[in-house]
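As provided, query05.txt (compact mmCIF, C-alpha atoms) reads as follows.
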```txt
# COMPACT_ATOMS: atom_id res chain seq x y z
CA MET X 1 17.99 -16.00 -5.71
CA THR X 2 19.98 -12.82 -6.44
CA ASN X 3 23.49 -12.64 -4.93
CA GLY X 4 23.33 -16.35 -4.14
CA VAL X 5 21.26 -15.73 -1.02
CA VAL X 6 18.75 -18.52 -0.51
CA ALA X 7 16.86 -19.30 2.69
CA ALA X 8 18.17 -22.70 3.77
CA ALA X 9 15.72 -25.03 5.45
CA GLY X 10 13.06 -22.37 5.07
CA THR X 11 14.39 -20.10 7.83
CA ILE X 12 15.74 -16.60 7.69
CA LEU X 13 18.16 -17.31 10.55
CA SER X 14 20.07 -19.76 8.40
CA SER X 15 20.76 -17.14 5.73
CA ALA X 16 20.99 -14.00 7.90
CA ALA X 17 24.80 -13.97 7.77
CA GLU X 18 24.79 -14.05 3.95
CA VAL X 19 22.29 -11.23 3.71
CA THR X 20 24.36 -9.27 6.23
CA GLU X 21 27.41 -9.51 3.97
CA VAL X 22 25.44 -7.98 1.11
CA ALA X 23 23.96 -5.26 3.33
CA ALA X 24 27.38 -4.40 4.75
CA ARG X 25 28.75 -3.68 1.28
CA TYR X 26 25.99 -1.16 0.61
CA ALA X 27 25.36 0.29 4.07
CA ALA X 28 27.10 3.59 3.32
CA ASP X 29 25.32 3.82 -0.04
CA ALA X 30 21.94 3.35 1.64
CA ASP X 31 22.73 6.09 4.14
CA ARG X 32 23.76 8.44 1.34
CA ASP X 33 20.98 7.59 -1.13
CA ARG X 34 18.21 7.43 1.52
CA ARG X 35 17.01 4.01 0.37
CA LEU X 36 18.32 0.47 0.10
CA THR X 37 19.98 -0.67 -3.11
CA LYS X 38 18.26 -3.19 -5.34
CA ASP X 39 20.86 -5.82 -4.45
CA VAL X 40 20.08 -5.55 -0.73
CA VAL X 41 16.31 -5.72 -1.27
CA GLU X 42 16.68 -8.77 -3.49
CA ALA X 43 18.88 -10.39 -0.84
CA LEU X 44 16.22 -9.71 1.83
CA LEU X 45 13.50 -11.23 -0.32
CA GLY X 46 15.67 -14.17 -1.31
CA ALA X 47 16.42 -14.88 2.34
CA GLY X 48 12.73 -15.11 3.15
CA PHE X 49 12.04 -11.93 5.11
CA ALA X 50 8.88 -11.09 3.12
CA SER X 51 7.60 -14.67 3.22
CA HIS X 52 8.49 -15.38 6.86
CA PHE X 53 4.96 -14.86 8.21
CA VAL X 54 3.04 -15.71 5.05
CA PRO X 55 0.64 -18.61 5.76
CA ALA X 56 1.85 -22.00 4.52
CA ARG X 57 -1.22 -22.35 2.28
CA HIS X 58 0.11 -19.36 0.31
CA GLY X 59 3.64 -20.76 0.07
CA GLY X 60 5.12 -18.96 3.09
CA SER X 61 7.00 -20.16 6.15
CA ALA X 62 4.44 -19.17 8.81
CA GLY X 63 7.63 -18.69 10.81
CA ARG X 64 8.61 -18.14 14.39
CA PHE X 65 8.94 -14.76 16.10
CA SER X 66 12.26 -15.58 17.77
CA GLU X 67 13.81 -16.44 14.40
CA LEU X 68 12.92 -13.05 12.98
CA ILE X 69 14.18 -11.21 16.06
CA GLY X 70 17.49 -13.06 15.84
CA ALA X 71 17.87 -12.46 12.11
CA LEU X 72 17.10 -8.75 12.49
CA GLN X 73 19.76 -8.33 15.15
CA THR X 74 22.35 -10.10 13.01
CA LEU X 75 21.55 -7.95 9.99
CA ALA X 76 21.50 -4.72 11.99
CA GLU X 77 25.08 -5.27 13.13
CA GLU X 78 26.09 -4.04 9.68
CA CYS X 79 23.08 -2.08 8.40
CA THR X 80 20.27 -0.96 10.67
CA SER X 81 18.22 0.28 7.72
CA ALA X 82 18.36 -3.10 5.96
CA ALA X 83 17.23 -4.81 9.16
CA TRP X 84 14.39 -2.32 9.55
CA CYS X 85 13.14 -2.87 6.01
CA GLY X 86 13.43 -6.62 6.44
CA MET X 87 11.31 -6.28 9.56
CA ILE X 88 8.75 -4.17 7.69
CA PHE X 89 8.50 -6.67 4.82
CA ALA X 90 7.97 -9.50 7.32
CA THR X 91 5.48 -7.77 9.60
CA SER X 92 3.52 -6.19 6.75
CA ALA X 93 3.01 -9.67 5.29
CA ARG X 94 1.87 -10.90 8.70
CA MET X 95 -0.72 -8.11 8.71
CA ALA X 96 -1.83 -9.04 5.18
CA GLY X 97 -2.55 -12.52 6.51
CA TYR X 98 -5.68 -11.11 8.13
CA LEU X 99 -7.19 -10.27 4.74
CA PRO X 100 -10.06 -12.39 3.43
CA GLU X 101 -9.04 -15.44 1.40
CA ASP X 102 -9.55 -13.74 -1.98
CA GLY X 103 -7.36 -10.83 -0.91
CA ARG X 104 -4.56 -13.11 0.21
CA GLN X 105 -4.75 -15.05 -3.03
CA GLU X 106 -4.45 -11.83 -5.02
CA ILE X 107 -1.42 -10.56 -3.11
CA TRP X 108 0.49 -13.85 -3.13
CA ASN X 109 -0.66 -15.10 -6.51
CA ASP X 110 2.90 -14.95 -7.88
CA GLY X 111 4.53 -16.34 -4.75
CA PRO X 112 5.11 -15.47 -1.09
CA ASP X 113 8.07 -13.11 -1.60
CA THR X 114 5.84 -10.13 -2.40
CA ALA X 115 7.23 -6.93 -0.88
CA ILE X 116 4.56 -5.14 1.15
CA ALA X 117 5.01 -1.79 2.89
CA ALA X 118 2.48 -0.94 5.58
CA ALA X 119 1.31 2.25 7.24
CA PHE X 120 -0.19 1.60 10.67
CA VAL X 121 -1.28 5.15 11.50
CA PRO X 122 -4.69 6.11 10.08
CA ALA X 123 -4.52 8.75 7.37
CA GLY X 124 -6.09 9.80 4.11
CA HIS X 125 -9.79 9.85 3.36
CA VAL X 126 -11.88 6.66 3.17
CA THR X 127 -15.45 6.33 1.89
CA LYS X 128 -17.70 3.31 1.38
CA ASP X 129 -19.21 2.49 -1.99
CA ALA X 130 -21.05 -0.42 -3.60
CA ALA X 131 -17.83 -2.16 -4.68
CA GLY X 132 -16.00 -1.70 -1.41
CA TRP X 133 -14.02 1.40 -0.53
CA ARG X 134 -12.48 4.48 -2.12
CA LEU X 135 -9.25 5.98 -0.82
CA SER X 136 -7.62 9.36 -1.38
CA GLY X 137 -4.86 11.30 0.35
CA GLU X 138 -1.40 10.77 1.78
CA TRP X 139 0.08 8.09 4.04
CA SER X 140 3.49 8.81 5.54
CA PHE X 141 6.53 6.85 6.66
CA LEU X 142 6.21 3.60 4.66
CA SER X 143 9.67 2.08 5.01
CA GLY X 144 10.95 0.29 1.92
CA VAL X 145 8.04 1.58 -0.14
CA ASP X 146 10.20 2.35 -3.19
CA HIS X 147 10.74 -1.40 -3.55
CA SER X 148 7.19 -2.44 -2.70
CA ASP X 149 4.71 -4.44 -4.77
CA TRP X 150 1.80 -3.55 -2.48
CA ALA X 151 0.98 -0.99 0.19
CA LEU X 152 -1.15 -1.82 3.21
CA LEU X 153 -2.75 1.42 4.33
CA CYS X 154 -4.76 2.30 7.43
CA GLY X 155 -7.82 4.52 7.44
CA THR X 156 -10.65 5.39 9.79
CA VAL X 157 -14.21 4.30 9.06
CA ALA X 158 -17.41 4.56 11.09
CA VAL X 159 -18.72 1.35 12.67
CA ASP X 160 -21.95 1.76 14.63
CA GLY X 161 -21.23 5.48 14.76
CA ARG X 162 -17.73 4.99 16.20
CA PRO X 163 -14.43 5.64 14.37
CA THR X 164 -12.64 2.35 13.74
CA ARG X 165 -9.34 1.55 12.07
CA ARG X 166 -9.40 -0.48 8.89
CA PHE X 167 -6.62 -1.68 6.58
CA PHE X 168 -6.62 -1.61 2.79
CA ALA X 169 -4.29 -3.47 0.41
CA VAL X 170 -3.37 -1.41 -2.65
CA PRO X 171 -1.26 -2.66 -5.59
CA ARG X 172 1.74 -0.69 -6.81
CA ARG X 173 -0.04 0.50 -9.94
CA ASP X 174 -2.55 2.45 -7.84
CA TYR X 175 -0.23 4.64 -5.75
CA ARG X 176 2.46 7.22 -6.27
CA ILE X 177 5.47 7.75 -4.02
CA LYS X 178 6.51 11.16 -2.75
CA ASP X 179 10.19 11.47 -1.89
CA VAL X 180 10.21 13.13 1.53
CA TRP X 181 12.63 11.02 3.60
CA PHE X 182 15.36 13.48 4.63
CA THR X 183 16.29 12.48 8.18
CA VAL X 184 19.10 12.37 10.72
CA GLY X 185 18.94 8.64 11.36
CA MET X 186 17.72 5.49 9.60
CA ARG X 187 18.27 7.27 6.30
CA GLY X 188 18.49 4.07 4.29
CA THR X 189 14.93 2.95 5.02
CA GLY X 190 13.43 5.22 2.36
CA SER X 191 10.36 5.76 4.52
CA ASN X 192 8.56 7.89 1.99
CA THR X 193 4.95 8.98 1.52
CA VAL X 194 2.28 7.20 -0.54
CA LEU X 195 -0.32 9.21 -2.47
CA LEU X 196 -3.68 7.91 -3.68
CA ASP X 197 -6.24 9.73 -5.80
CA ASP X 198 -9.73 8.21 -5.55
CA VAL X 199 -8.53 4.59 -5.70
CA SER X 200 -11.08 1.78 -5.54
CA VAL X 201 -10.33 -1.03 -3.08
CA PRO X 202 -12.65 -4.06 -3.21
CA GLU X 203 -13.99 -5.53 0.00
CA HIS X 204 -11.76 -8.61 -0.20
CA ARG X 205 -8.68 -6.38 0.05
CA SER X 206 -9.70 -4.87 3.37
CA PHE X 207 -10.01 -5.92 7.01
CA GLY X 208 -10.78 -4.35 10.38
CA ASP X 209 -8.05 -4.09 12.97
CA GLY X 210 -9.72 -6.27 15.64
CA ALA X 211 -8.26 -9.62 14.56
CA LEU X 212 -4.79 -8.10 14.16
CA MET X 213 -4.82 -6.39 17.53
CA ASN X 214 -6.18 -9.42 19.37
CA GLY X 215 -4.31 -12.15 17.49
CA GLN X 216 -7.31 -13.94 16.05
CA GLY X 217 -6.04 -15.68 12.95
CA GLY X 218 -9.20 -17.67 12.38
CA ASN X 219 -8.64 -20.71 10.17
CA LEU X 220 -5.24 -19.68 8.78
CA GLY X 221 -3.51 -22.58 10.50
CA SER X 222 -0.57 -20.28 11.28
CA PRO X 223 0.32 -19.92 14.99
CA CYS X 224 2.10 -16.66 14.16
CA HIS X 225 -1.31 -15.10 13.49
CA ASP X 226 -2.71 -16.12 16.87
CA VAL X 227 -0.62 -13.64 18.90
CA PRO X 228 -1.80 -10.13 19.84
CA LEU X 229 0.02 -7.28 18.14
CA LEU X 230 1.20 -5.67 21.39
CA ALA X 231 3.19 -8.79 22.28
CA VAL X 232 5.31 -8.73 19.12
CA ALA X 233 5.33 -5.32 17.43
CA PRO X 234 7.49 -3.49 20.02
CA PRO X 235 10.11 -6.31 20.19
CA PHE X 236 10.36 -6.31 16.41
CA PHE X 237 10.89 -2.55 16.32
CA ALA X 238 13.55 -2.75 19.04
CA ALA X 239 15.52 -5.60 17.43
CA PRO X 240 17.36 -3.45 14.82
CA ALA X 241 18.51 -1.05 17.55
CA VAL X 242 19.86 -3.88 19.71
CA GLY X 243 21.61 -5.44 16.73
CA ALA X 244 23.16 -2.09 15.80
CA VAL X 245 24.60 -1.80 19.31
CA ARG X 246 26.11 -5.27 19.02
CA GLY X 247 27.82 -4.23 15.80
CA ALA X 248 29.01 -0.94 17.25
CA LEU X 249 30.39 -2.72 20.30
CA ARG X 250 32.27 -5.23 18.15
CA ARG X 251 33.86 -2.51 16.06
CA TRP X 252 34.67 -0.36 19.08
CA SER X 253 36.35 -3.33 20.79
CA GLN X 254 38.44 -4.05 17.70
CA TRP X 255 39.58 -0.45 17.44
CA GLY X 256 40.31 -0.27 21.16
CA ALA X 257 42.53 -3.32 21.10
CA GLY X 258 45.14 -1.48 19.06
CA ASP X 259 44.39 2.08 20.14
CA LYS X 260 46.49 4.38 22.27
CA GLY X 261 44.57 6.65 24.62
CA ASP X 262 45.35 10.13 25.89
CA LYS X 263 48.01 8.73 28.22
CA GLY X 264 49.67 6.68 25.50
CA LEU X 265 48.35 3.45 26.98
CA SER X 266 46.55 0.68 25.16
CA ALA X 267 42.78 0.81 25.72
CA SER X 268 43.07 -2.57 27.42
CA LEU X 269 45.09 -0.88 30.19
CA ASP X 270 42.98 2.28 30.41
CA ALA X 271 40.44 2.20 33.25
CA ARG X 272 37.92 4.41 31.45
CA SER X 273 38.01 2.27 28.30
CA GLN X 274 37.65 -0.86 30.38
CA GLU X 275 34.52 0.56 31.98
CA VAL X 276 33.05 1.61 28.63
CA LEU X 277 33.60 -1.87 27.23
CA THR X 278 32.25 -3.71 30.25
CA ARG X 279 29.16 -1.61 30.87
CA SER X 280 28.18 -1.33 27.22
CA SER X 281 28.61 -5.05 26.60
CA ALA X 282 26.48 -5.82 29.65
CA GLU X 283 23.75 -3.48 28.44
CA ALA X 284 23.80 -5.05 24.97
CA ASP X 285 23.37 -8.50 26.55
CA ILE X 286 20.52 -7.32 28.78
CA ALA X 287 18.67 -5.80 25.83
CA GLN X 288 19.15 -8.94 23.77
CA LEU X 289 17.92 -11.19 26.58
CA LEU X 290 14.77 -9.11 26.97
CA LEU X 291 13.93 -9.50 23.29
CA GLU X 292 14.75 -13.19 23.30
CA ARG X 293 12.25 -13.75 26.10
CA ALA X 294 9.58 -11.85 24.18
CA GLY X 295 10.23 -14.04 21.15
CA ARG X 296 10.01 -17.26 23.15
CA VAL X 297 6.75 -16.20 24.78
CA ALA X 298 5.19 -15.34 21.42
CA ASP X 299 6.34 -18.62 19.88
CA ALA X 300 4.83 -20.60 22.77
CA GLY X 301 1.37 -19.33 21.79
CA ALA X 302 -1.62 -18.51 24.00
CA VAL X 303 0.00 -15.21 25.02
CA THR X 304 -1.76 -13.76 28.06
CA PRO X 305 -2.52 -10.04 28.42
CA GLY X 306 0.11 -9.88 31.17
CA GLU X 307 2.76 -11.41 28.92
CA ALA X 308 1.83 -9.06 26.08
CA VAL X 309 2.25 -5.89 28.15
CA ARG X 310 5.46 -7.25 29.67
CA SER X 311 6.96 -7.90 26.24
CA ALA X 312 6.03 -4.38 25.12
CA ARG X 313 7.55 -2.97 28.33
CA ASP X 314 10.73 -4.98 27.82
CA ALA X 315 11.08 -3.78 24.23
CA ALA X 316 10.84 -0.15 25.34
CA VAL X 317 13.48 -0.78 28.02
CA ALA X 318 15.70 -2.60 25.51
CA ALA X 319 15.54 0.43 23.21
CA GLU X 320 16.48 2.78 26.05
CA ILE X 321 19.39 0.51 27.00
CA ALA X 322 20.54 0.43 23.39
CA VAL X 323 20.63 4.23 23.29
CA SER X 324 22.63 4.32 26.53
CA ALA X 325 25.18 1.80 25.25
CA VAL X 326 25.74 3.31 21.81
CA ASP X 327 25.93 6.83 23.22
CA ARG X 328 28.64 5.74 25.63
CA LEU X 329 30.63 4.08 22.84
CA PHE X 330 30.25 7.13 20.60
CA ARG X 331 31.39 9.61 23.26
CA ALA X 332 34.34 7.40 24.19
CA SER X 333 35.52 7.39 20.57
CA GLY X 334 36.28 11.09 20.45
CA THR X 335 36.36 13.33 17.41
CA ARG X 336 37.31 10.60 14.93
CA ALA X 337 33.91 8.89 15.29
CA GLN X 338 32.16 12.06 14.12
CA ALA X 339 33.54 11.76 10.60
CA GLU X 340 30.79 11.17 8.05
CA THR X 341 32.52 8.00 6.87
CA HIS X 342 32.84 6.51 10.37
CA PRO X 343 30.36 3.64 10.93
CA LEU X 344 29.97 4.39 14.64
CA GLN X 345 28.29 7.74 14.04
CA ARG X 346 25.81 6.02 11.75
CA SER X 347 25.00 3.45 14.45
CA TRP X 348 24.60 6.29 16.95
CA ARG X 349 22.17 8.13 14.66
CA ASP X 350 20.26 5.00 13.74
CA VAL X 351 19.79 3.67 17.27
CA SER X 352 18.56 7.07 18.46
CA ALA X 353 16.09 7.21 15.57
CA VAL X 354 14.75 3.70 16.21
CA ALA X 355 14.25 4.39 19.91
CA SER X 356 12.07 7.40 19.08
CA HIS X 357 9.47 5.22 17.36
CA ALA X 358 6.01 5.46 18.91
CA ALA X 359 5.90 1.71 19.61
CA LEU X 360 9.00 2.02 21.80
CA ARG X 361 8.10 5.07 23.85
CA PHE X 362 8.43 4.12 27.47
CA GLU X 363 5.58 6.29 28.70
CA ARG X 364 3.14 4.63 26.31
CA ASN X 365 4.19 1.11 27.25
CA SER X 366 4.31 1.91 30.94
CA GLU X 367 0.65 2.94 30.71
CA HIS X 368 -0.25 -0.46 29.21
CA TYR X 369 1.77 -2.28 31.84
CA ALA X 370 0.53 -0.31 34.85
CA ARG X 371 -3.11 -0.55 33.78
CA HIS X 372 -2.80 -4.32 33.58
CA VAL X 373 -1.03 -4.68 36.94
CA TRP X 374 -3.46 -2.36 38.73
CA GLY X 375 -6.54 -3.56 36.87
CA ALA X 376 -7.40 -0.14 35.52
```
Just give me the structure as structure tokens.
Amino acid sequence: MTNGVVAAAGTILSSAAEVTEVAARYAADADRDRRLTKDVVEALLGAGFASHFVPARHGGSAGRFSELIGALQTLAEECTSAAWCGMIFATSARMAGYLPEDGRQEIWNDGPDTAIAAAFVPAGHVTKDAAGWRLSGEWSFLSGVDHSDWALLCGTVAVDGRPTRRFFAVPRRDYRIKDVWFTVGMRGTGSNTVLLDDVSVPEHRSFGDGALMNGQGGNLGSPCHDVPLLAVAPPFFAAPAVGAVRGALRRWSQWGAGDKGDKGLSASLDARSQEVLTRSSAEADIAQLLLERAGRVADAGAVTPGEAVRSARDAAVAAEIAVSAVDRLFRASGTRAQAETHPLQRSWRDVSAVASHAALRFERNSEHYARHVWGA
């Protein structure tokens, strides 16, 4: 594939380091241009991020959750935005796996490396017609959409008089992209808005959210589709933040080794710097361990409701820990880290932005967890 990045042995973990090298070269460009470069996107696709959860019958890896979490953390050490888009390509394809057979065939007709950008929040206007559905309106915050081949959009339809979420797969020719992504953090994700004007979506390119939410993959033969969304979505969203902290910690440690503090002492002899290093490294390890457990549980299959809410809780905690660690490193770096060209300030912005995602809000996940524990 492009840049010599090929997924060895069919896993993204085996090629994560190579993709990371490409992403590192263009991390500052992505932050400036508000989208990933073509080279980085091609490296992500070549490494198998888009095909990671594609069912084997469609040429994909039907991969493991822990592999993706590990690869995302490795990639985020150099570019959080690249890791985020890699996560979106992977998880959007997993969602597309719940389409009817004809819909899956259409999306992956040319191979499993199709780039899909999904919007999970219902938006736009959806109506039923004889051929299927008609969609109009705007859908916001589709990360990586500028490089997408398909968009997977969520709308609300009435089922037995009740509003129900439904997903619709739309090819690139049927939507326009509105450039609106001007943000403080995660600038390189290009999370722009999709616009549709009375687009027809046939029935085979649509599915209700029940199977996705409950992890009911039917006859796909892919264990990765038999896991409820709550058990895996929050850990995936948290992984780029945890990886970014690992990268920030590595760089901060390297700088500190040769740095002279306010008292003219090496950071290795300065008590405050020693505390920053020790506490932040411990927090990074704790956050990583929480996500690793979530990945192992999901890969084991037959995830219980208790395990699902625990994994979501742990992801929210991991995100909070990541913010604590990167904030400490940033403050300990002084004025120099606030330069626009300094990578630590980008990590600080990115981790804070990731942790604000709805899937990682502690109050939301604490409600899920407490309701399960107390049987509410």
Skip Tyr98 (chain X) itself and residues of its chain fewer than 6 positions away, then list as a ChimeraX atom specification all residues within 12 Å of it, counting all atoms listed in the file. /X:53-55,91-92,104-105,152,166-169,204-222,224-226
Using the selection just defined, write its residues with C-alpha atoms as a PDB file, in the coordinates of the input.
```
ATOM      1  CA  PHE X  53       4.960 -14.860   8.210  1.00  0.00           C
ATOM      2  CA  VAL X  54       3.040 -15.710   5.050  1.00  0.00           C
ATOM      3  CA  PRO X  55       0.640 -18.610   5.760  1.00  0.00           C
ATOM      4  CA  THR X  91       5.480  -7.770   9.600  1.00  0.00           C
ATOM      5  CA  SER X  92       3.520  -6.190   6.750  1.00  0.00           C
ATOM      6  CA  ARG X 104      -4.560 -13.110   0.210  1.00  0.00           C
ATOM      7  CA  GLN X 105      -4.750 -15.050  -3.030  1.00  0.00           C
ATOM      8  CA  LEU X 152      -1.150  -1.820   3.210  1.00  0.00           C
ATOM      9  CA  ARG X 166      -9.400  -0.480   8.890  1.00  0.00           C
ATOM     10  CA  PHE X 167      -6.620  -1.680   6.580  1.00  0.00           C
ATOM     11  CA  PHE X 168      -6.620  -1.610   2.790  1.00  0.00           C
ATOM     12  CA  ALA X 169      -4.290  -3.470   0.410  1.00  0.00           C
ATOM     13  CA  HIS X 204     -11.760  -8.610  -0.200  1.00  0.00           C
ATOM     14  CA  ARG X 205      -8.680  -6.380   0.050  1.00  0.00           C
ATOM     15  CA  SER X 206      -9.700  -4.870   3.370  1.00  0.00           C
ATOM     16  CA  PHE X 207     -10.010  -5.920   7.010  1.00  0.00           C
ATOM     17  CA  GLY X 208     -10.780  -4.350  10.380  1.00  0.00           C
ATOM     18  CA  ASP X 209      -8.050  -4.090  12.970  1.00  0.00           C
ATOM     19  CA  GLY X 210      -9.720  -6.270  15.640  1.00  0.00           C
ATOM     20  CA  ALA X 211      -8.260  -9.620  14.560  1.00  0.00           C
ATOM     21  CA  LEU X 212      -4.790  -8.100  14.160  1.00  0.00           C
ATOM     22  CA  MET X 213      -4.820  -6.390  17.530  1.00  0.00           C
ATOM     23  CA  ASN X 214      -6.180  -9.420  19.370  1.00  0.00           C
ATOM     24  CA  GLY X 215      -4.310 -12.150  17.490  1.00  0.00           C
ATOM     25  CA  GLN X 216      -7.310 -13.940  16.050  1.00  0.00           C
ATOM     26  CA  GLY X 217      -6.040 -15.680  12.950  1.00  0.00           C
ATOM     27  CA  GLY X 218      -9.200 -17.670  12.380  1.00  0.00           C
ATOM     28  CA  ASN X 219      -8.640 -20.710  10.170  1.00  0.00           C
ATOM     29  CA  LEU X 220      -5.240 -19.680   8.780  1.00  0.00           C
ATOM     30  CA  GLY X 221      -3.510 -22.580  10.500  1.00  0.00           C
ATOM     31  CA  SER X 222      -0.570 -20.280  11.280  1.00  0.00           C
ATOM     32  CA  CYS X 224       2.100 -16.660  14.160  1.00  0.00           C
ATOM     33  CA  HIS X 225      -1.310 -15.100  13.490  1.00  0.00           C
ATOM     34  CA  ASP X 226      -2.710 -16.120  16.870  1.00  0.00           C
TER      35      ASP X 226
END
```
Which protein, DNA or RNA residues have an atom at most 12 Å from (17.1, 6.2, 16.5), counting all atoms listed in the file? List them as a ChimeraX atom specification. /X:80-81,84,183-187,237-242,244-245,319-320,322-324,326-327,345-358,360-361
Take CA of Met95 (chain X) and CA of Gly155 (chain X) and report the distance between them in Å, one decimal. 14.5 Å
Residues within 8 Å of region 271-280 of chain X, please, as a VMD selection string. Count all atoms listed in the file; anything in the same chain fewer than 4 positions from it doesn't count. chain X and resid 249 253 256 267 284 324 to 326 328 to 329 332
Quick one: write out the picked residues with C-alpha atoms as a compact mmCIF listing (two decimals), in the frame of the given file?
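New file result_24.txt:
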```
# COMPACT_ATOMS: atom_id res chain seq x y z
CA LEU X 249 30.39 -2.72 20.30
CA SER X 253 36.35 -3.33 20.79
CA GLY X 256 40.31 -0.27 21.16
CA ALA X 267 42.78 0.81 25.72
CA ALA X 284 23.80 -5.05 24.97
CA SER X 324 22.63 4.32 26.53
CA ALA X 325 25.18 1.80 25.25
CA VAL X 326 25.74 3.31 21.81
CA ARG X 328 28.64 5.74 25.63
CA LEU X 329 30.63 4.08 22.84
CA ALA X 332 34.34 7.40 24.19
```
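One finds CA of Ala83 (chain X) at 15.2 Å from CA of Ser14 (chain X).
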Which of X:Ser366, X:Thr335, X:Thr193, X:Gln73 sits closest to Val317 (chain X) [using all atoms listed in the file]: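 Smallest distance to Val317 (chain X) is found for X:Ser366.
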Rounded to one decimal place, report the CA of Arg35 (chain X)-CA of Gly190 (chain X) distance in Å.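 Here the two named atoms are 4.3 Å from each other.
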For Arg293 (chain X), which residue among X:Phe65, X:Trp150, X:Phe182, X:Phe141 is the nearest when counting all atoms listed in the file?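 For Arg293 (chain X), the nearest of the given residues is X:Phe65.
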Pick out the closest residue to Glu292 (chain X) from this set: X:Asp198, X:Glu363, X:Asp31, X:Glu67. Count all atoms listed in the file. X:Glu67
Shortest interatomic distance to Ala131 (chain X) - which of X:Ala117, X:Ile321, X:Val157, X:Val201, counting only C-alpha atoms: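 Comparing X:Ala117, X:Ile321, X:Val157, X:Val201 against Ala131 (chain X), the winner is X:Val201.
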Residues within 12 Å of (-4.6, -9.4, 28.2), counting only C-alpha atoms, listed as a compact mmCIF listing (two decimals) with C-alpha atoms, keeping the file's coordinate frame:
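point.txt written:
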```
# COMPACT_ATOMS: atom_id res chain seq x y z
CA MET X 213 -4.82 -6.39 17.53
CA ASN X 214 -6.18 -9.42 19.37
CA GLY X 215 -4.31 -12.15 17.49
CA VAL X 227 -0.62 -13.64 18.90
CA PRO X 228 -1.80 -10.13 19.84
CA LEU X 229 0.02 -7.28 18.14
CA LEU X 230 1.20 -5.67 21.39
CA ALA X 231 3.19 -8.79 22.28
CA ALA X 302 -1.62 -18.51 24.00
CA VAL X 303 0.00 -15.21 25.02
CA THR X 304 -1.76 -13.76 28.06
CA PRO X 305 -2.52 -10.04 28.42
CA GLY X 306 0.11 -9.88 31.17
CA GLU X 307 2.76 -11.41 28.92
CA ALA X 308 1.83 -9.06 26.08
CA VAL X 309 2.25 -5.89 28.15
CA ARG X 310 5.46 -7.25 29.67
CA SER X 311 6.96 -7.90 26.24
CA HIS X 368 -0.25 -0.46 29.21
CA TYR X 369 1.77 -2.28 31.84
CA ARG X 371 -3.11 -0.55 33.78
CA HIS X 372 -2.80 -4.32 33.58
CA VAL X 373 -1.03 -4.68 36.94
CA GLY X 375 -6.54 -3.56 36.87
```
Could you tell me which of X:Asp179, X:Glu203, X:Glu78, X:Asp270 comes closest to Asp102 (chain X) if we count only C-alpha atoms?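 For Asp102 (chain X), the nearest of the given residues is X:Glu203.
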Listed atoms of region 74-91 of chain X, axis-aligned box, 6 Å per side: centre and edge lengths to one decimal in Å, as JSON?
```
{"center_x": 15.8, "center_y": -4.9, "center_z": 9.0, "size_x": 32.6, "size_y": 22.4, "size_z": 20.3}
```
Mind checking which residues fall within 9 Å of Trp252 (chain X), counting only C-alpha atoms, ignoring those fewer than 5 positions away in the same chain, and posting them as a PyMOL selection string? chain X and resi 247+257+277+329-330+333+344
For Asn365 (chain X), which residue among X:Ala316, X:Gly334, X:Glu340, X:Val194 is the nearest when counting only C-alpha atoms? X:Ala316
Would you mind completing region 222-231 of chain X to N, CA and C atoms and writing the output as an mmCIF file, in the frame of the given file?
```cif
data_model
loop_
_atom_site.group_PDB
_atom_site.id
_atom_site.type_symbol
_atom_site.label_atom_id
_atom_site.label_comp_id
_atom_site.auth_asym_id
_atom_site.auth_seq_id
_atom_site.Cartn_x
_atom_site.Cartn_y
_atom_site.Cartn_z
ATOM 1 N N SER X 222 -1.897 -20.844 11.048
ATOM 2 C CA SER X 222 -0.570 -20.280 11.280
ATOM 3 C C SER X 222 -0.503 -19.748 12.712
ATOM 4 N N PRO X 223 0.222 -20.404 13.607
ATOM 5 C CA PRO X 223 0.320 -19.920 14.990
ATOM 6 C C PRO X 223 0.799 -18.470 15.089
ATOM 7 N N CYS X 224 1.584 -18.035 14.110
ATOM 8 C CA CYS X 224 2.100 -16.660 14.160
ATOM 9 C C CYS X 224 1.001 -15.622 14.000
ATOM 10 N N HIS X 225 -0.189 -16.034 13.601
ATOM 11 C CA HIS X 225 -1.310 -15.100 13.490
ATOM 12 C C HIS X 225 -2.236 -15.163 14.692
ATOM 13 N N ASP X 226 -1.874 -15.966 15.671
ATOM 14 C CA ASP X 226 -2.710 -16.120 16.870
ATOM 15 C C ASP X 226 -2.094 -15.422 18.083
ATOM 16 N N VAL X 227 -1.296 -14.384 17.842
ATOM 17 C CA VAL X 227 -0.620 -13.640 18.900
ATOM 18 C C VAL X 227 -1.004 -12.176 18.799
ATOM 19 N N PRO X 228 -1.412 -11.542 19.892
ATOM 20 C CA PRO X 228 -1.800 -10.130 19.840
ATOM 21 C C PRO X 228 -0.655 -9.229 19.411
ATOM 22 N N LEU X 229 -0.992 -8.167 18.720
ATOM 23 C CA LEU X 229 0.020 -7.280 18.140
ATOM 24 C C LEU X 229 0.944 -6.691 19.206
ATOM 25 N N LEU X 230 0.396 -6.319 20.357
ATOM 26 C CA LEU X 230 1.200 -5.670 21.390
ATOM 27 C C LEU X 230 2.346 -6.560 21.870
ATOM 28 N N ALA X 231 2.163 -7.868 21.788
ATOM 29 C CA ALA X 231 3.190 -8.790 22.280
ATOM 30 C C ALA X 231 4.389 -8.874 21.361
#
```
